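Participant: Have a peek at data_39.cif (mmCIF, C-alpha atoms).
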```
data_final
loop_
_atom_site.label_atom_id
_atom_site.label_comp_id
_atom_site.auth_asym_id
_atom_site.auth_seq_id
_atom_site.Cartn_x
_atom_site.Cartn_y
_atom_site.Cartn_z
CA MET Y 1067 0.00 0.00 0.00
CA ARG Y 1068 2.83 2.37 0.89
CA TYR Y 1069 4.50 1.60 -2.42
CA ILE Y 1070 1.34 2.33 -4.33
CA THR Y 1071 1.00 5.73 -2.69
CA LEU Y 1072 4.65 6.35 -3.38
CA ILE Y 1073 4.27 5.47 -7.04
CA GLY Y 1074 1.10 7.51 -7.17
CA LEU Y 1075 2.89 10.51 -5.71
CA LEU Y 1076 5.69 10.05 -8.18
CA PHE Y 1077 3.29 9.99 -11.10
CA SER Y 1078 1.25 12.90 -9.82
CA SER Y 1079 4.41 14.96 -9.56
CA PHE Y 1080 5.19 13.93 -13.12
CA ILE Y 1081 1.80 15.06 -14.32
CA ALA Y 1082 2.06 18.27 -12.32
CA SER Y 1083 5.47 19.08 -13.73
CA SER Y 1084 4.49 18.21 -17.27
CA GLN Y 1085 1.53 20.54 -17.00
CA ASN Y 1086 3.79 23.41 -16.13
CA VAL Y 1087 6.31 22.82 -18.87
CA GLN Y 1088 5.23 24.08 -22.26
CA MET Y 1089 7.19 22.48 -25.07
CA ALA Y 1090 6.42 24.34 -28.23
CA GLU Y 1091 7.86 21.76 -30.59
CA THR Y 1092 5.72 20.61 -33.50
CA MET Y 1093 5.98 16.94 -32.62
CA ARG Y 1094 4.62 17.65 -29.14
CA SER Y 1095 1.62 19.77 -30.10
CA GLU Y 1096 -1.99 18.53 -30.48
CA GLY Y 1097 -1.54 15.67 -28.02
CA LYS Y 1098 1.49 14.37 -29.96
CA ILE Y 1099 -0.67 13.24 -32.88
CA TYR Y 1100 2.22 14.06 -35.22
CA VAL Y 1101 4.24 11.29 -33.60
CA VAL Y 1102 1.51 8.80 -34.49
CA ILE Y 1103 1.41 10.17 -38.04
CA ALA Y 1104 5.18 9.80 -38.32
CA VAL Y 1105 5.05 6.19 -37.10
CA LEU Y 1106 2.17 5.25 -39.40
CA ALA Y 1107 3.83 7.01 -42.34
CA VAL Y 1108 7.02 5.01 -41.77
CA ILE Y 1109 5.04 1.76 -41.70
CA LEU Y 1110 3.04 2.70 -44.80
CA VAL Y 1111 6.12 3.82 -46.76
CA GLY Y 1112 7.94 0.67 -45.65
CA LEU Y 1113 5.11 -1.52 -46.92
CA PHE Y 1114 5.01 0.42 -50.20
CA LEU Y 1115 8.74 -0.07 -50.71
CA TYR Y 1116 8.27 -3.77 -49.99
CA LEU Y 1117 5.41 -3.95 -52.50
CA ILE Y 1118 7.53 -2.19 -55.14
CA THR Y 1119 10.37 -4.68 -54.50
CA ILE Y 1120 7.99 -7.62 -54.95
CA ASP Y 1121 6.59 -5.97 -58.09
CA ARG Y 1122 10.11 -5.65 -59.56
CA LYS Y 1123 10.96 -9.24 -58.63
CA VAL Y 1124 7.88 -10.49 -60.47
CA SER Y 1125 8.87 -8.37 -63.48
CA LYS Y 1126 12.28 -10.07 -63.47
CA LEU Y 1127 10.67 -13.51 -63.24
CA GLU Y 1128 8.35 -12.60 -66.11
CA LYS Y 1129 11.36 -11.68 -68.23
CA GLU Y 1130 13.03 -15.00 -67.41
CA ALA Y 1131 9.86 -16.96 -68.18
CA ASN Y 1132 9.31 -14.94 -71.38
CA ILE Y 1133 5.81 -13.72 -70.60
CA MET Q 1285 4.89 5.85 -67.59
CA ARG Q 1286 2.92 2.63 -67.41
CA ASN Q 1287 2.88 2.45 -63.62
CA TRP Q 1288 1.53 5.95 -62.95
CA TRP Q 1289 -1.42 4.52 -61.02
CA LYS Q 1290 0.92 2.84 -58.54
CA ALA Q 1291 2.47 6.22 -57.76
CA LEU Q 1292 -1.08 7.60 -57.45
CA THR Q 1293 -1.90 4.80 -54.97
CA ILE Q 1294 1.03 5.78 -52.75
CA ILE Q 1295 0.23 9.49 -52.91
CA LEU Q 1296 -3.48 8.97 -52.18
CA LEU Q 1297 -2.83 6.65 -49.22
CA LEU Q 1298 -0.19 8.89 -47.66
CA TYR Q 1299 -2.65 11.78 -48.06
CA THR Q 1300 -5.35 9.61 -46.47
CA LEU Q 1301 -3.11 8.93 -43.49
CA ILE Q 1302 -2.00 12.51 -42.90
CA GLY Q 1303 -5.27 14.23 -43.87
CA GLY Q 1304 -7.30 11.53 -42.16
CA LEU Q 1305 -5.67 12.18 -38.81
CA LEU Q 1306 -5.25 15.95 -39.03
CA ILE Q 1307 -8.18 17.47 -40.92
CA PRO Q 1308 -10.97 18.44 -38.47
CA VAL Q 1309 -13.97 16.12 -38.22
CA PRO Q 1310 -17.52 16.79 -36.96
CA LYS Q 1311 -17.87 16.44 -33.20
CA GLN Q 1312 -20.21 13.54 -32.41
CA VAL Q 1313 -21.01 11.80 -29.15
CA ILE Q 1314 -20.06 8.11 -28.84
CA LEU Q 1315 -17.96 8.32 -32.01
CA TYR Q 1316 -15.60 11.19 -31.07
CA GLU Q 1317 -12.29 10.87 -32.93
CA SER Q 1318 -13.10 7.29 -33.93
CA ILE Q 1319 -15.14 8.78 -36.79
CA ARG Q 1320 -11.76 8.90 -38.57
CA ASN Q 1321 -12.01 5.12 -38.91
CA LEU Q 1322 -14.31 5.92 -41.81
CA TYR Q 1323 -11.22 6.59 -43.94
CA PHE Q 1324 -9.75 3.18 -43.15
CA HIS Q 1325 -12.45 0.66 -42.19
CA VAL Q 1326 -15.04 1.47 -44.87
CA PRO Q 1327 -12.58 1.49 -47.84
CA MET Q 1328 -11.52 -2.05 -46.84
CA TRP Q 1329 -15.04 -3.21 -47.73
CA PHE Q 1330 -15.20 -1.06 -50.85
CA SER Q 1331 -11.91 -2.57 -52.00
CA MET Q 1332 -13.15 -6.08 -51.26
CA ILE Q 1333 -16.38 -5.51 -53.20
CA PHE Q 1334 -14.44 -3.96 -56.10
CA LEU Q 1335 -12.02 -6.92 -56.27
CA PHE Q 1336 -14.89 -9.42 -56.10
CA LEU Q 1337 -16.73 -7.47 -58.81
CA MET Q 1338 -13.69 -7.57 -61.10
CA SER Q 1339 -13.34 -11.26 -60.28
CA VAL Q 1340 -16.88 -12.03 -61.41
CA VAL Q 1341 -16.32 -9.94 -64.56
CA TYR Q 1342 -13.33 -12.16 -65.42
CA SER Q 1343 -15.33 -15.27 -64.54
CA ILE Q 1344 -18.06 -14.26 -67.00
CA LYS Q 1345 -15.41 -13.43 -69.62
CA GLY Q 1346 -13.80 -16.82 -69.00
CA LEU Q 1347 -17.09 -18.68 -69.26
CA SER Q 1348 -17.96 -17.01 -72.56
CA SER Q 1349 -14.52 -17.36 -74.13
CA ASN Q 1350 -13.05 -20.52 -72.56
CA ASN Q 1351 -9.85 -18.57 -72.01
CA LEU Q 1352 -8.12 -20.04 -68.95
CA SER Q 1353 -6.16 -16.87 -68.15
CA HIS Q 1354 -9.44 -15.24 -67.11
CA ASP Q 1355 -9.90 -17.99 -64.53
CA ILE Q 1356 -6.49 -17.21 -62.99
CA LYS Q 1357 -7.41 -13.53 -62.79
CA ALA Q 1358 -10.75 -14.37 -61.15
CA LYS Q 1359 -9.04 -16.59 -58.56
CA GLU Q 1360 -6.34 -14.10 -57.57
CA LEU Q 1361 -8.81 -11.22 -57.38
CA VAL Q 1362 -10.84 -13.27 -54.90
CA ASN Q 1363 -7.68 -14.11 -52.93
CA ALA Q 1364 -6.78 -10.43 -52.64
CA GLY Q 1365 -10.40 -9.50 -51.87
CA ILE Q 1366 -10.53 -11.94 -48.96
CA ILE Q 1367 -7.53 -10.20 -47.35
CA PHE Q 1368 -9.40 -6.89 -47.49
CA GLY Q 1369 -12.51 -8.56 -46.09
CA ILE Q 1370 -10.54 -9.96 -43.15
CA LEU Q 1371 -9.02 -6.51 -42.49
CA GLY Q 1372 -12.48 -4.95 -42.72
CA THR Q 1373 -13.85 -7.46 -40.22
CA ILE Q 1374 -11.04 -6.94 -37.69
CA THR Q 1375 -11.08 -3.14 -37.95
CA GLY Q 1376 -14.87 -3.14 -37.70
CA SER Q 1377 -14.70 -5.36 -34.64
CA ILE Q 1378 -12.32 -2.96 -32.87
CA TRP Q 1379 -14.48 0.02 -33.83
CA ALA Q 1380 -17.63 -1.78 -32.64
CA LYS Q 1381 -16.08 -2.59 -29.26
CA PHE Q 1382 -15.53 1.08 -28.47
CA THR Q 1383 -18.72 2.52 -29.94
CA TRP Q 1384 -21.37 -0.22 -29.79
CA GLY Q 1385 -19.86 -1.91 -26.73
CA ALA Q 1386 -19.01 -5.38 -28.03
CA TRP Q 1387 -16.49 -6.98 -30.36
CA TRP Q 1388 -19.33 -8.59 -32.30
CA VAL Q 1389 -23.00 -7.65 -32.27
CA ASN Q 1390 -25.87 -9.45 -33.93
CA ASP Q 1391 -26.15 -6.91 -36.67
CA VAL Q 1392 -27.41 -7.96 -40.12
CA LYS Q 1393 -24.48 -6.32 -41.84
CA LEU Q 1394 -21.91 -8.05 -39.59
CA ASN Q 1395 -23.46 -11.47 -40.00
CA GLY Q 1396 -24.02 -10.84 -43.69
CA SER Q 1397 -20.40 -9.94 -44.26
CA ALA Q 1398 -19.30 -13.00 -42.26
CA ILE Q 1399 -21.47 -15.25 -44.43
CA THR Q 1400 -20.08 -13.55 -47.56
CA MET Q 1401 -16.52 -14.25 -46.41
CA LEU Q 1402 -17.41 -17.93 -45.92
CA ILE Q 1403 -18.98 -18.07 -49.38
CA TYR Q 1404 -15.76 -16.75 -50.93
CA LEU Q 1405 -13.57 -19.05 -48.83
CA ALA Q 1406 -15.71 -21.89 -50.23
CA TYR Q 1407 -14.87 -20.59 -53.73
CA ILE Q 1408 -11.16 -21.06 -53.01
CA VAL Q 1409 -11.75 -24.52 -51.53
CA LEU Q 1410 -13.99 -25.56 -54.45
CA ARG Q 1411 -11.52 -24.30 -57.04
CA GLY Q 1412 -8.63 -26.01 -55.27
CA SER Q 1413 -10.44 -29.35 -55.14
CA LEU Q 1414 -10.82 -29.64 -58.94
CA GLU Q 1415 -7.94 -31.12 -60.94
CA ASP Q 1416 -9.03 -30.65 -64.53
CA GLU Q 1417 -8.27 -27.11 -65.70
CA GLN Q 1418 -11.23 -26.66 -68.01
CA LYS Q 1419 -13.68 -28.13 -65.54
CA ARG Q 1420 -12.16 -26.06 -62.71
CA ALA Q 1421 -12.50 -22.83 -64.69
CA ARG Q 1422 -16.11 -23.54 -65.60
CA ILE Q 1423 -17.39 -24.76 -62.23
CA SER Q 1424 -15.62 -22.10 -60.18
CA GLY Q 1425 -16.69 -19.48 -62.72
CA VAL Q 1426 -20.34 -20.39 -62.31
CA TYR Q 1427 -19.94 -20.53 -58.52
CA ASN Q 1428 -18.31 -17.08 -58.57
CA ILE Q 1429 -21.38 -15.54 -60.23
CA PHE Q 1430 -23.56 -17.18 -57.59
CA ALA Q 1431 -21.23 -15.88 -54.85
CA PHE Q 1432 -21.37 -12.30 -56.11
CA VAL Q 1433 -25.15 -12.33 -56.23
CA LEU Q 1434 -25.18 -13.52 -52.61
CA LEU Q 1435 -22.70 -10.76 -51.69
CA LEU Q 1436 -25.10 -8.18 -53.12
CA VAL Q 1437 -27.95 -9.73 -51.13
CA PHE Q 1438 -26.08 -10.06 -47.83
CA ILE Q 1439 -24.15 -6.78 -47.85
CA GLY Q 1440 -26.20 -4.60 -50.17
CA ILE Q 1441 -29.85 -5.53 -49.81
CA LEU Q 1442 -30.64 -7.30 -46.52
CA PRO Q 1443 -29.01 -4.68 -44.22
CA ARG Q 1444 -31.17 -2.02 -45.83
CA MET Q 1445 -34.38 -3.95 -45.21
CA THR Q 1446 -34.02 -4.56 -41.47
CA ASP Q 1447 -32.63 -2.67 -38.51
CA SER Q 1448 -28.89 -2.30 -38.53
CA LEU Q 1449 -26.44 -0.36 -36.42
CA HIS Q 1450 -24.57 0.64 -39.54
CA PRO Q 1451 -25.19 4.13 -40.92
CA GLY Q 1452 -27.39 4.20 -43.98
CA ASN Q 1453 -29.15 0.95 -43.12
CA GLY Q 1454 -32.57 0.16 -41.70
CA GLY Q 1455 -33.76 3.68 -41.02
CA ASN Q 1456 -30.38 4.83 -39.73
CA PRO Q 1457 -29.26 7.86 -41.68
CA GLY Q 1458 -26.22 7.34 -43.91
CA PHE Q 1459 -22.98 9.18 -43.36
CA ASN Q 1460 -23.90 11.15 -46.45
CA ASN Q 1461 -26.91 12.80 -44.86
CA TYR Q 1462 -25.29 15.04 -42.31
CA ASP Q 1463 -22.35 13.31 -40.68
CA LEU Q 1464 -20.13 13.28 -43.72
CA ASP Q 1465 -19.36 16.97 -44.04
CA ASP Q 1466 -17.23 18.56 -46.74
CA ASN Q 1467 -14.04 18.16 -44.72
CA MET Q 1468 -14.61 14.42 -44.44
CA LYS Q 1469 -15.43 14.04 -48.13
CA LEU Q 1470 -12.09 15.70 -48.84
CA VAL Q 1471 -10.38 12.70 -47.30
CA PHE Q 1472 -12.95 9.93 -47.73
CA TYR Q 1473 -13.20 9.91 -51.54
CA PRO Q 1474 -9.42 9.95 -52.16
CA ALA Q 1475 -9.13 7.27 -49.45
CA VAL Q 1476 -11.61 4.99 -51.23
CA ILE Q 1477 -9.80 5.40 -54.57
CA GLY Q 1478 -6.40 4.87 -52.91
CA TRP Q 1479 -7.39 1.68 -51.07
CA ILE Q 1480 -9.12 0.25 -54.15
CA LEU Q 1481 -6.01 0.92 -56.22
CA LEU Q 1482 -3.87 -0.78 -53.57
CA GLY Q 1483 -6.14 -3.83 -53.74
CA TRP Q 1484 -5.84 -3.84 -57.53
CA TRP Q 1485 -2.04 -3.55 -57.25
CA ILE Q 1486 -1.77 -6.50 -54.87
CA ALA Q 1487 -4.16 -8.57 -56.98
CA SER Q 1488 -2.22 -7.76 -60.16
CA ILE Q 1489 1.02 -8.98 -58.55
CA ARG Q 1490 -0.73 -12.20 -57.47
CA ILE Q 1491 -2.05 -12.68 -61.03
CA ARG Q 1492 1.43 -12.20 -62.51
CA ILE Q 1493 3.00 -14.64 -60.01
CA SER Q 1494 0.28 -17.17 -60.83
CA LYS Q 1495 0.95 -16.85 -64.57
CA VAL Q 1496 4.72 -17.23 -64.13
CA THR Q 1497 4.20 -20.28 -61.92
CA GLN Q 1498 1.85 -21.80 -64.48
CA LYS Q 1499 4.31 -21.20 -67.29
CA LEU Q 1500 7.20 -22.70 -65.31
CA GLU Q 1501 5.15 -25.77 -64.40
CA ALA Q 1502 4.00 -26.36 -67.96
#
```
So, in terms of structure tokens, how does the structure I just supplied come out?

Facilitator:
Amino acid sequence: MRYITLIGLLFSSFIASSQNVQMAETMRSEGKIYVVIAVLAVILVGLFLYLITIDRKVSKLEKEANI
Amino acid sequence: MRNWWKALTIILLLYTLIGGLLIPVPKQVILYESIRNLYFHVPMWFSMIFLFLMSVVYSIKGLSSNNLSHDIKAKELVNAGIIFGILGTITGSIWAKFTWGAWWVNDVKLNGSAITMLIYLAYIVLRGSLEDEQKRARISGVYNIFAFVLLLVFIGILPRMTDSLHPGNGGNPGFNNYDLDDNMKLVFYPAVIGWILLGWWIASIRIRISKVTQKLEA
């Protein structure tokens, strides 16, 4: 129980301090939604690159099989 | 530039992601920010229906011409469509949990789409169980027409005739009526085109792989 209160206090101080500090960076504004966009964009671009690689591989196979 | 539409796919989907998360949406109770799922969940189903539609077009072409390459196209379009259907089901289930309160509800559209998925899985099983190429193309082609008609009934018609939690069905107003404002249309329409093109891209790769495999085996 003591530990829980301790952890709670720790977190509450975190929240309190973060409320006071205003970071005006783009990535931190709007509830950090830009971070999510960045992550999703990386995944999407990664999948696109993968798809393009597969596409090219099939093209090579088609050349070899004379289609 | 023969592959311009692939570049368009990438541009549209990146726009969907960024615009879909940033452009303001109407404030609605229950839905809140989850209304943005419209740009991702709904196009999954549109893509699936588009791929299945193209599949049945190739099945009809194959049946009328006896050209076996149409049968390969029909099969791979169904394969790609099923992936989008599975993604649509999972994303819908998550959305339902946090708006309707359960992972799965006894909604006509949910059950209808589940039945549709089973019908198309049966197409793959049926096609795989036939050895003779000509017979396989003809039987699975006929089944595919039957499957698409059932899709129209289960996803298109029945949900509109009874009560459904989905917008636009059973007396519920569609997103078009007042929810889908101009801001949302700005993202939703490009999103639908982008996801459909992605489905077409994946299906086209599957078709090409299938043709190469067939040629190498022959």

Participant: Would you mind telling me which residue in Y:Val1105, Y:Tyr1116, Y:Met1093, Y:Val1124 lies nearest to chain Q when using all atoms listed in the file?

Facilitator: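 Closest candidate: Y:Val1124.
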
Participant: Calculated over all atoms listed in the file, which of the candidates Q:Trp1288, Q:Lys1311, Q:Ile1302, Q:Ser1348 has the smallest distance to Q:Val1426?

Facilitator: Q:Ser1348

Participant: With distances taken over all atoms listed in the file, which of Q:Ile1439, Q:Met1285, Q:Val1341, Q:Leu1298 is nearest to chain Y?

Facilitator: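 Nearest to chain Y: Q:Leu1298.
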
Participant: Specify as a PyMOL selection string each residue included when the PyMOL selection byres ((chain Y) within 8 of (chain Q)) is applied to this file.

Facilitator: chain Y and resi 1099+1103+1106-1107+1110+1114+1117+1120-1121+1124+1127-1128+1131+1133

Participant: If we count all atoms listed in the file and set the cut-off at 10 Å, which residues sit around Q:Arg1420, ignoring sequence neighbours fewer than 5 positions away in its own chain? Please answer as a list of chain:residue names.

Facilitator: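 The residues that qualify are Q:Leu1352, Q:Asp1355, Q:Leu1410, Q:Arg1411, Q:Gly1412, Q:Ser1413, Q:Leu1414, Q:Glu1415, Q:Gly1425, Q:Val1426.
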
Participant: Please indicate the distance in Å from atom CA of Q:Lys1359 to atom CA of Q:Ile1378, rounded to one decimal place.

Facilitator: 29.3 Å

Participant: Which residues are near Q:Ser1331? Cut-off 9 Å, all atoms listed in the file, ignore same chain within fewer than 5 positions. Put them as a PyMOL selection string.

Facilitator: chain Q and resi 1326+1336+1365+1368-1369+1476-1477+1479-1484

Participant: Could I get stretch 1489-1500 of chain Q rebuilt with all heavy atoms, written as a CSV table (one decimal), in the frame of the given file?

Facilitator:
```
chain,number,residue,atom,x,y,z
Q,1489,ILE,N,-0.2,-8.3,-58.8
Q,1489,ILE,CA,1.0,-9.0,-58.6
Q,1489,ILE,C,0.7,-10.5,-58.4
Q,1489,ILE,O,1.4,-11.3,-58.9
Q,1489,ILE,CB,1.7,-8.4,-57.3
Q,1489,ILE,CG1,2.3,-7.0,-57.6
Q,1489,ILE,CG2,2.8,-9.3,-56.8
Q,1489,ILE,CD1,2.9,-6.3,-56.4
Q,1490,ARG,N,-0.3,-10.8,-57.7
Q,1490,ARG,CA,-0.7,-12.2,-57.5
Q,1490,ARG,C,-1.0,-12.9,-58.8
Q,1490,ARG,O,-0.6,-14.0,-59.1
Q,1490,ARG,CB,-2.0,-12.3,-56.6
Q,1490,ARG,CG,-1.7,-12.0,-55.1
Q,1490,ARG,CD,-2.8,-12.6,-54.2
Q,1490,ARG,NE,-2.7,-14.0,-54.4
Q,1490,ARG,CZ,-2.6,-14.9,-53.3
Q,1490,ARG,NH1,-2.5,-14.4,-52.1
Q,1490,ARG,NH2,-2.6,-16.2,-53.5
Q,1491,ILE,N,-1.7,-12.1,-59.7
Q,1491,ILE,CA,-2.0,-12.7,-61.0
Q,1491,ILE,C,-0.8,-13.0,-61.8
Q,1491,ILE,O,-0.6,-14.1,-62.4
Q,1491,ILE,CB,-2.9,-11.7,-61.8
Q,1491,ILE,CG1,-4.3,-11.6,-61.2
Q,1491,ILE,CG2,-3.1,-12.1,-63.3
Q,1491,ILE,CD1,-5.2,-10.4,-61.6
Q,1492,ARG,N,0.2,-12.0,-61.7
Q,1492,ARG,CA,1.4,-12.2,-62.5
Q,1492,ARG,C,2.2,-13.4,-62.0
Q,1492,ARG,O,2.8,-14.2,-62.7
Q,1492,ARG,CB,2.2,-10.9,-62.5
Q,1492,ARG,CG,1.6,-9.8,-63.4
Q,1492,ARG,CD,2.1,-8.5,-63.0
Q,1492,ARG,NE,3.5,-8.3,-63.2
Q,1492,ARG,CZ,4.2,-7.3,-62.6
Q,1492,ARG,NH1,3.6,-6.5,-61.8
Q,1492,ARG,NH2,5.5,-7.3,-62.8
Q,1493,ILE,N,2.3,-13.5,-60.6
Q,1493,ILE,CA,3.0,-14.6,-60.0
Q,1493,ILE,C,2.3,-15.9,-60.5
Q,1493,ILE,O,3.0,-16.9,-60.8
Q,1493,ILE,CB,3.0,-14.5,-58.5
Q,1493,ILE,CG1,3.9,-13.4,-58.0
Q,1493,ILE,CG2,3.5,-15.8,-57.8
Q,1493,ILE,CD1,3.8,-13.1,-56.5
Q,1494,SER,N,1.0,-16.0,-60.4
Q,1494,SER,CA,0.3,-17.2,-60.8
Q,1494,SER,C,0.6,-17.6,-62.3
Q,1494,SER,O,0.8,-18.7,-62.6
Q,1494,SER,CB,-1.2,-16.9,-60.7
Q,1494,SER,OG,-1.9,-18.0,-60.1
Q,1495,LYS,N,0.7,-16.6,-63.2
Q,1495,LYS,CA,1.0,-16.8,-64.6
Q,1495,LYS,C,2.4,-17.4,-64.8
Q,1495,LYS,O,2.6,-18.3,-65.6
Q,1495,LYS,CB,0.7,-15.6,-65.4
Q,1495,LYS,CG,-0.8,-15.4,-65.6
Q,1495,LYS,CD,-1.0,-14.2,-66.6
Q,1495,LYS,CE,-2.5,-14.2,-66.9
Q,1495,LYS,NZ,-2.8,-12.9,-67.7
Q,1496,VAL,N,3.3,-16.8,-64.0
Q,1496,VAL,CA,4.7,-17.2,-64.1
Q,1496,VAL,C,4.8,-18.7,-63.6
Q,1496,VAL,O,5.4,-19.5,-64.3
Q,1496,VAL,CB,5.7,-16.3,-63.3
Q,1496,VAL,CG1,7.1,-16.9,-63.3
Q,1496,VAL,CG2,5.7,-14.9,-63.9
Q,1497,THR,N,4.2,-18.9,-62.5
Q,1497,THR,CA,4.2,-20.3,-61.9
Q,1497,THR,C,3.6,-21.3,-62.9
Q,1497,THR,O,4.2,-22.4,-63.1
Q,1497,THR,CB,3.4,-20.3,-60.6
Q,1497,THR,OG1,3.7,-19.2,-59.9
Q,1497,THR,CG2,3.7,-21.6,-59.8
Q,1498,GLN,N,2.5,-20.9,-63.5
Q,1498,GLN,CA,1.8,-21.8,-64.5
Q,1498,GLN,C,2.8,-22.1,-65.7
Q,1498,GLN,O,2.9,-23.2,-66.1
Q,1498,GLN,CB,0.5,-21.2,-64.9
Q,1498,GLN,CG,-0.5,-22.1,-65.5
Q,1498,GLN,CD,-1.6,-21.5,-66.3
Q,1498,GLN,OE1,-1.3,-20.4,-66.9
Q,1498,GLN,NE2,-2.7,-22.0,-66.2
Q,1499,LYS,N,3.4,-21.0,-66.1
Q,1499,LYS,CA,4.3,-21.2,-67.3
Q,1499,LYS,C,5.5,-22.1,-66.9
Q,1499,LYS,O,5.9,-22.9,-67.8
Q,1499,LYS,CB,4.8,-19.8,-67.7
Q,1499,LYS,CG,5.8,-19.9,-68.9
Q,1499,LYS,CD,5.3,-19.0,-70.0
Q,1499,LYS,CE,6.2,-19.2,-71.2
Q,1499,LYS,NZ,6.1,-18.2,-72.2
Q,1500,LEU,N,6.0,-21.9,-65.7
Q,1500,LEU,CA,7.2,-22.7,-65.3
Q,1500,LEU,C,6.8,-24.2,-65.1
Q,1500,LEU,O,7.6,-25.1,-65.3
Q,1500,LEU,CB,7.8,-22.1,-64.0
Q,1500,LEU,CG,8.5,-20.8,-64.2
Q,1500,LEU,CD1,9.0,-20.3,-62.8
Q,1500,LEU,CD2,9.6,-20.8,-65.2
```
